[in-house]
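First the structure, in the form of structure tokens, and then the observations on it.
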Amino acid sequence: MRRIAVLVLGVMVVSICALAQSPDAAVETALLAAPASLRDGATVIKWKPDFTYDTLRKGTNRLVCYDRTGFPEQQPFSIECTSVANLDRVAQNLKFEAVGDKIKTQAMLDAAEKDGTRVKPEYGSVWYHMLGPDREHGHIHVTIAVPGATSQSLGLPDNNKAGTVWIMNAGTSTAHLMTPGA
């Protein structure tokens with residue numbers, strides 16, 4: 001009987017240790033989209049259902065990373081990193097996307113843009129995304145926030161026909177530079 005108790009206790013200890021390592025795995029996953037040069041100093045957060053977050057690891061630079069896998073309207077594997085200054089915008093995006101219907105989400109985004117309640121991203125901040133059907137087949141996508149920018153203000157096209165960097169959603173708070181091949 002004593003051997004069984006020791007075996008059960010041993011299994012429980014191993015299980016508890018495995019659970020204790022889960023935050024490390026969550027941090028490592030969230031950092032997959034971060035550039036190697038910024039990874040060690042990045043903050044890692046975990047979003048909560050009320051669109052607030054818990055800090056899993058406090059960083060030393062301005063990059064913050066989080067896992068969006070399983071969130072409404074996201075790909076099956078979805079990691080994102082951006083400036084800590086963009087967290088209010090991310091929270092607003094998550095709130096709108098929580099309806100789980102792309103058409104309704106877009107209507108909410110458009111209404112917020114029109115009435116001036118759309119949270120603006122930090123101008124020039126970079127958004128690093130790693131997304132795809134799963135971790136092994138995820139790809140990196142990089143955009144740069146330029147809220148309010150237009151073709152006239154930046155001298156860049158507002159479409160991808162030239163195959164160069166271009167402005168998507170020009171003239172809105174969502175305007176961003178699309179970077180071909182990234």
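Going through the structure tokens in order, the chains are called A, B, and so on, while each chain numbers its residues from 1 and the ligands are numbered from 1 in the order shown.
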request  = Skip Thr82 (chain A) itself and residues of its chain fewer than 2 positions away, then list as a PyMOL selection string all residues within 7 Å of it, counting only C-alpha atoms.
outcome  = chain A and resi 63-65+80+84+86+125-128
Spatial neighbours of region 155-164 of chain A, 12 Å, only C-alpha atoms, chain gap at least 3 places, as an mmCIF file with C-alpha atoms, in the first residue's frame:
data_model
loop_
_atom_site.group_PDB
_atom_site.id
_atom_site.type_symbol
_atom_site.label_atom_id
_atom_site.label_comp_id
_atom_site.auth_asym_id
_atom_site.auth_seq_id
_atom_site.Cartn_x
_atom_site.Cartn_y
_atom_site.Cartn_z
ATOM 1 C CA VAL A 146 0.724 54.762 -40.459
ATOM 2 C CA ALA A 149 -1.428 58.246 -44.225
ATOM 3 C CA THR A 150 -2.334 58.514 -47.889
ATOM 4 C CA SER A 151 -0.534 58.034 -51.181
ATOM 5 C CA GLN A 152 -0.109 61.808 -51.343
ATOM 6 C CA ILE A 167 -0.488 51.655 -48.141
ATOM 7 C CA MET A 168 -3.514 49.559 -47.265
ATOM 8 C CA ASN A 169 -6.621 51.356 -45.949
ATOM 9 C CA ALA A 170 -5.116 54.728 -46.828
ATOM 10 C CA GLY A 171 -6.585 57.741 -45.025
ATOM 11 C CA ALA A 175 -3.708 52.656 -42.668
ATOM 12 C CA HIS A 176 -0.615 50.511 -42.714
ATOM 13 C CA LEU A 177 2.300 49.711 -44.953
ATOM 14 C CA MET A 178 2.179 46.304 -46.549
ATOM 15 C CA THR A 179 5.599 44.794 -47.024
ATOM 16 C CA PRO A 180 5.837 42.333 -49.939
ATOM 17 C CA GLY A 181 7.423 39.045 -49.037
ATOM 18 C CA ALA A 182 7.216 39.693 -45.311
#
task = Would you list, as a ChimeraX atom specification, the residues of region 98-130 of chain A that end up in alpha helix (DSSP H) under DSSP run on this structure's backbone?
result = /A:102-115
Those same residues, written as a compact mmCIF listing (two decimals), in the first residue's frame with C-alpha atoms?
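The resulting file, part-v9.txt, is shown below:
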# COMPACT_ATOMS: atom_id res chain seq x y z
CA LYS A 102 -16.51 39.19 -40.05
CA ILE A 103 -19.30 41.29 -41.57
CA LYS A 104 -20.55 42.46 -38.15
CA THR A 105 -16.98 43.05 -36.97
CA GLN A 106 -16.25 45.19 -40.03
CA ALA A 107 -19.46 47.18 -39.44
CA MET A 108 -18.37 47.85 -35.85
CA LEU A 109 -14.89 48.90 -37.00
CA ASP A 110 -16.37 51.19 -39.67
CA ALA A 111 -18.76 52.77 -37.14
CA ALA A 112 -15.92 53.40 -34.68
CA GLU A 113 -13.81 54.90 -37.48
CA LYS A 114 -16.68 57.16 -38.53
CA ASP A 115 -17.60 58.37 -35.02
inquiry  = When you look at region 130-142 of chain A with a cut-off of 6 Å (counting only C-alpha atoms), what residues show up, excluding the ones that are within fewer than 3 positions of it in the same chain? I need them as a list in words.
reply    = Ala33, Gln75, Pro76, Phe77, Ser78, Ile79, Trp127 and Ala182 of chain A
key: Pick from A:Phe96, A:Asp88, A:Pro72, A:Thr117 nearest to Tyr53 (chain A), counting only C-alpha atoms   =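 Of the candidates, the smallest distance to Tyr53 (chain A) is held by A:Asp88.
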request  = Would you return as a ChimeraX atom specification the members of region 14-177 of chain A that DSSP assigns to strand (DSSP E or B) on this structure's backbone?
outcome  = /A:43-47,53-57,63-67,77-83,126-132,139-145,166-168,176-177
task = Measure the distance from CA of Ala34 (chain A) to CA of Thr60 (chain A) in Å and round it to one decimal.
result =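 About the pair CA of Ala34 (chain A) and CA of Thr60 (chain A): they are 13.9 Å apart.
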